[in-house]
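Shown next: protein.cif, given as mmCIF, C-alpha atoms.
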```cif
data_run
loop_
_atom_site.label_atom_id
_atom_site.label_comp_id
_atom_site.auth_asym_id
_atom_site.auth_seq_id
_atom_site.Cartn_x
_atom_site.Cartn_y
_atom_site.Cartn_z
CA MET T 1 0.00 0.00 0.00
CA ILE T 2 2.76 2.48 0.82
CA ASP T 3 4.20 1.94 -2.67
CA LEU T 4 0.85 2.88 -4.22
CA LEU T 5 0.78 6.06 -2.13
CA ARG T 6 4.34 6.86 -3.13
CA GLN T 7 3.59 6.61 -6.86
CA ARG T 8 0.05 8.08 -6.93
CA ARG T 9 -0.33 11.46 -8.62
CA SER T 10 -3.32 13.18 -10.10
CA VAL T 11 -3.40 13.02 -13.90
CA ARG T 12 -5.50 15.35 -16.00
CA LYS T 13 -4.68 14.03 -19.48
CA PHE T 14 -5.74 10.55 -20.46
CA LYS T 15 -5.19 8.30 -23.47
CA GLN T 16 -8.26 7.56 -25.57
CA GLN T 17 -8.01 3.92 -24.53
CA PRO T 18 -11.02 2.16 -23.04
CA ILE T 19 -10.66 0.49 -19.67
CA GLU T 20 -10.99 -3.28 -19.90
CA ASP T 21 -14.13 -4.93 -18.49
CA GLU T 22 -12.09 -6.89 -15.92
CA LYS T 23 -10.63 -3.65 -14.57
CA LEU T 24 -14.09 -2.03 -14.47
CA THR T 25 -15.29 -5.01 -12.45
CA GLN T 26 -12.39 -4.61 -10.02
CA LEU T 27 -12.99 -0.86 -9.68
CA SER T 28 -16.67 -1.55 -8.98
CA GLU T 29 -15.77 -4.09 -6.32
CA ALA T 30 -13.36 -1.63 -4.71
CA LEU T 31 -16.16 0.95 -4.50
CA LEU T 32 -18.51 -1.55 -2.89
CA ARG T 33 -15.84 -2.61 -0.38
CA ALA T 34 -15.10 0.96 0.77
CA PRO T 35 -15.80 1.26 4.49
CA THR T 36 -18.73 3.33 5.68
CA SER T 37 -19.73 4.56 9.11
CA ARG T 38 -21.71 1.89 10.95
CA ASN T 39 -21.92 0.04 7.61
CA GLN T 40 -24.84 2.26 6.61
CA GLN T 41 -23.64 2.37 2.99
CA PRO T 42 -25.25 5.67 1.91
CA CYS T 43 -23.26 5.86 -1.34
CA GLU T 44 -24.33 5.06 -4.88
CA PHE T 45 -21.91 5.03 -7.81
CA VAL T 46 -22.50 5.86 -11.46
CA LEU T 47 -19.78 4.70 -13.86
CA VAL T 48 -19.80 6.99 -16.88
CA ASP T 49 -18.04 6.02 -20.11
CA ASN T 50 -20.34 7.70 -22.62
CA PRO T 51 -18.19 10.33 -24.40
CA ASP T 52 -21.04 12.86 -24.64
CA THR T 53 -21.76 12.58 -20.92
CA LEU T 54 -18.05 12.89 -20.10
CA ILE T 55 -17.92 16.13 -22.09
CA LYS T 56 -20.94 17.42 -20.18
CA LEU T 57 -19.27 16.44 -16.89
CA SER T 58 -16.34 18.66 -17.85
CA ALA T 59 -18.73 21.63 -17.62
CA ALA T 60 -20.03 20.73 -14.16
CA LYS T 61 -18.23 23.69 -12.62
CA PRO T 62 -16.37 26.70 -14.01
CA HIS T 63 -12.89 25.46 -13.01
CA GLY T 64 -11.30 22.12 -12.30
CA ALA T 65 -13.36 19.67 -14.35
CA SER T 66 -12.13 20.10 -17.93
CA PHE T 67 -10.03 16.91 -17.70
CA PHE T 68 -13.20 14.80 -18.04
CA THR T 69 -13.13 15.48 -21.79
CA SER T 70 -10.14 13.15 -22.18
CA ALA T 71 -11.02 10.58 -19.49
CA PRO T 72 -12.48 7.27 -20.67
CA LEU T 73 -14.25 6.81 -17.32
CA ALA T 74 -15.77 8.93 -14.60
CA VAL T 75 -17.07 7.66 -11.29
CA VAL T 76 -19.86 9.79 -9.87
CA ILE T 77 -19.92 9.30 -6.13
CA ALA T 78 -23.31 10.18 -4.69
CA ALA T 79 -24.93 9.60 -1.35
CA ASN T 80 -28.22 9.91 0.43
CA PRO T 81 -27.88 12.23 3.45
CA GLU T 82 -31.07 10.70 4.87
CA ILE T 83 -29.23 7.40 5.38
CA SER T 84 -26.15 8.78 7.12
CA ASP T 85 -25.12 12.08 8.64
CA VAL T 86 -21.51 11.34 7.64
CA TRP T 87 -22.24 10.77 3.95
CA ILE T 88 -19.53 13.26 2.99
CA GLU T 89 -16.87 11.29 4.83
CA ASP T 90 -18.17 7.99 3.43
CA SER T 91 -18.08 9.47 -0.08
CA ALA T 92 -14.49 10.66 0.40
CA ILE T 93 -13.44 7.23 1.62
CA ALA T 94 -14.97 5.60 -1.48
CA ALA T 95 -13.17 8.16 -3.65
CA ILE T 96 -9.71 7.41 -2.31
CA VAL T 97 -10.37 3.66 -2.32
CA VAL T 98 -11.25 3.73 -6.04
CA GLN T 99 -8.26 5.98 -6.77
CA LEU T 100 -5.87 3.55 -5.07
CA ALA T 101 -7.53 0.60 -6.81
CA ALA T 102 -7.08 2.39 -10.14
CA GLU T 103 -3.42 2.98 -9.34
CA GLU T 104 -2.92 -0.69 -8.57
CA LEU T 105 -4.50 -1.58 -11.93
CA GLY T 106 -2.07 0.66 -13.86
CA LEU T 107 -4.58 3.49 -14.24
CA LYS T 108 -4.42 7.10 -13.07
CA SER T 109 -7.11 9.37 -11.72
CA CYS T 110 -8.08 12.88 -10.72
CA TRP T 111 -10.64 14.05 -8.17
CA ALA T 112 -13.15 16.80 -8.96
CA GLN T 113 -14.74 18.36 -5.88
CA LEU T 114 -18.40 19.26 -6.52
CA ARG T 115 -19.98 19.77 -3.10
CA LEU T 116 -20.32 23.48 -2.33
CA ARG T 117 -19.20 24.41 -5.86
CA PRO T 118 -21.34 26.35 -8.33
CA HIS T 119 -22.22 25.13 -11.80
CA ASP T 120 -23.31 28.63 -12.77
CA GLU T 121 -24.86 31.68 -11.08
CA LEU T 122 -28.09 29.82 -10.31
CA ASN T 123 -27.22 26.14 -9.95
CA ARG T 124 -24.94 23.95 -7.86
CA ALA T 125 -22.42 21.67 -9.57
CA SER T 126 -23.72 18.71 -7.59
CA ASP T 127 -27.29 19.33 -8.83
CA PHE T 128 -26.06 19.62 -12.42
CA VAL T 129 -24.33 16.23 -12.19
CA ARG T 130 -27.21 14.64 -10.27
CA GLN T 131 -29.59 15.58 -13.10
CA LEU T 132 -27.07 14.64 -15.81
CA VAL T 133 -26.75 11.05 -14.59
CA GLY T 134 -30.37 10.67 -13.49
CA LEU T 135 -29.97 10.44 -9.72
CA PRO T 136 -33.15 10.99 -7.72
CA VAL T 137 -33.85 14.25 -5.92
CA GLY T 138 -32.33 14.12 -2.45
CA MET T 139 -29.13 12.42 -3.54
CA GLU T 140 -26.02 14.56 -3.18
CA VAL T 141 -22.93 14.35 -5.41
CA ALA T 142 -19.83 15.12 -3.40
CA MET T 143 -17.24 14.43 -6.08
CA VAL T 144 -16.51 12.78 -9.40
CA ILE T 145 -13.33 10.84 -10.14
CA ALA T 146 -11.80 10.69 -13.64
CA ILE T 147 -9.97 7.44 -14.37
CA GLY T 148 -7.93 6.23 -17.33
CA TYR T 149 -4.57 5.42 -18.81
CA PRO T 150 -2.28 8.42 -18.46
CA ALA T 151 -1.33 10.49 -21.50
CA GLU T 152 1.19 12.41 -19.42
CA GLU T 153 3.99 11.33 -17.16
CA THR T 154 3.94 12.64 -13.63
CA SER T 155 6.64 11.81 -11.16
CA ALA T 156 5.84 11.01 -7.57
CA HIS T 157 6.31 13.58 -4.86
CA PRO T 158 9.85 13.08 -3.53
CA ARG T 159 10.14 12.07 0.13
CA ASP T 160 11.89 15.33 1.02
CA SER T 161 8.87 17.32 -0.21
CA LEU T 162 6.67 15.86 2.51
CA ARG T 163 6.05 18.18 5.44
CA ASP T 164 7.17 16.17 8.45
CA GLU T 165 6.30 19.07 10.75
CA LYS T 166 2.63 18.16 10.27
CA ILE T 167 3.11 14.94 12.26
CA HIS T 168 2.72 15.25 16.03
CA HIS T 169 3.08 12.62 18.70
CA ASN T 170 0.65 12.44 21.62
CA LYS T 171 0.09 16.17 21.61
CA PHE T 172 0.05 19.02 19.11
CA SER T 173 3.30 20.90 19.43
#
```
Written form, C-alpha cells:
Amino acid sequence: MIDLLRQRRSVRKFKQQPIEDEKLTQLSEALLRAPTSRNQQPCEFVLVDNPDTLIKLSAAKPHGASFFTSAPLAVVIAANPEISDVWIEDSAIAAIVVQLAAEELGLKSCWAQLRLRPHDELNRASDFVRQLVGLPVGMEVAMVIAIGYPAEETSAHPRDSLRDEKIHHNKFS
C-alpha cells in the first residue's frame, strides 16, 4: 500500500483507450468494499463512459473539471444524506479507495470536488451532475473521479517534499 501512495499522482490528461471490463469489475468491487460509518452504505456510484456525458461532466463547474473530456471513465460518487449524517466522509473514503484501486491496476485518476461548488450563477455543480446522470432528488454528489490510462507522465512527490512538521506525537506541538 505504501508503494501505491508513493507513486500516486493526479493526472489530467488521459489516453483515448477504453478500460478493460475486468478492470471495471475490479474498480466496482473496490467501491462496494469501501468502508462506511456503521456500515450504513449511503453511497451510490454511477460509472460513466459515454463520451457525450463525459464532455458534459467537464462543464459541471467553471474550473477544475475540464479533464473529463479526455477521461475514458468517470465515477460519480453520490450519497443519500437521509441514510447517514456522515455521507460526505463515506463518499471521500470511497473516492480514495477507487483511486488507489485504479493505481494498482495501472490506471491514473483525478478528483473533482463538486460539493459546495457552483455550476453557474443559479445552480450547484452537484445538482447539475445529479440531473445529468439521473440520480433521484435528495441524492447529493460530493465528487466525481476521472480514471484512465495516463497520457502524461507525472513523477511522484519526492520524500523530502513531505512536510514532516505536520506529524505530532501524543500532543500538538
Take the PyMOL selection byres ((chain T and resi 61-66) around 10), run it mentally on this structure, and tell me the resulting residues as a PyMOL selection string. chain T and resi 12-13+54-60+67-71+110-114+117-120+123-126+128-129+144-146
For a test of reading the model, state the distance in Å between CA of Arg159 (chain T) and CA of Arg9 (chain T), rounded to one decimal.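 So the answer is 13.7 Å.
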Could you expand the PyMOL selection byres ((chain T and resi 15-24) around 8) into the explicit residues it covers here, written as a list in words?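 Taken over the shown coordinates, the PyMOL selection byres ((chain T and resi 15-24) around 8) returns Lys13, Phe14, Thr25, Gln26, Leu27, Ser28, Ser70, Ala71, Pro72, Leu73, Leu105, Gly148, Tyr149, Pro150 and Ala151 of chain T.
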Would you list the residues near (-23.5, 13.5, -4.9), meaning any protein, DNA or RNA residue with an atom at most 7 Å from that point in file coordinates, counting only C-alpha atoms, as a list of chain:residue names?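 Collected hits near the coordinates: T:Ile77, T:Ala78, T:Ala79, T:Ser126, T:Arg130, T:Met139, T:Glu140, T:Val141, T:Ala142, T:Met143.
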What's the 6 Å shell around Ser109 (chain T), counting all atoms listed in the file, without same-chain residues fewer than 6 positions away, as JSON, numbers by chain? {"T": [10, 11, 146, 147]}
Nearest to Thr53 (chain T) among T:Asn80, T:Gln131, T:Val86, T:Glu121, with distances taken over only C-alpha atoms: which residue is it?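 With only C-alpha atoms as the atom set, the closest residue is T:Gln131.
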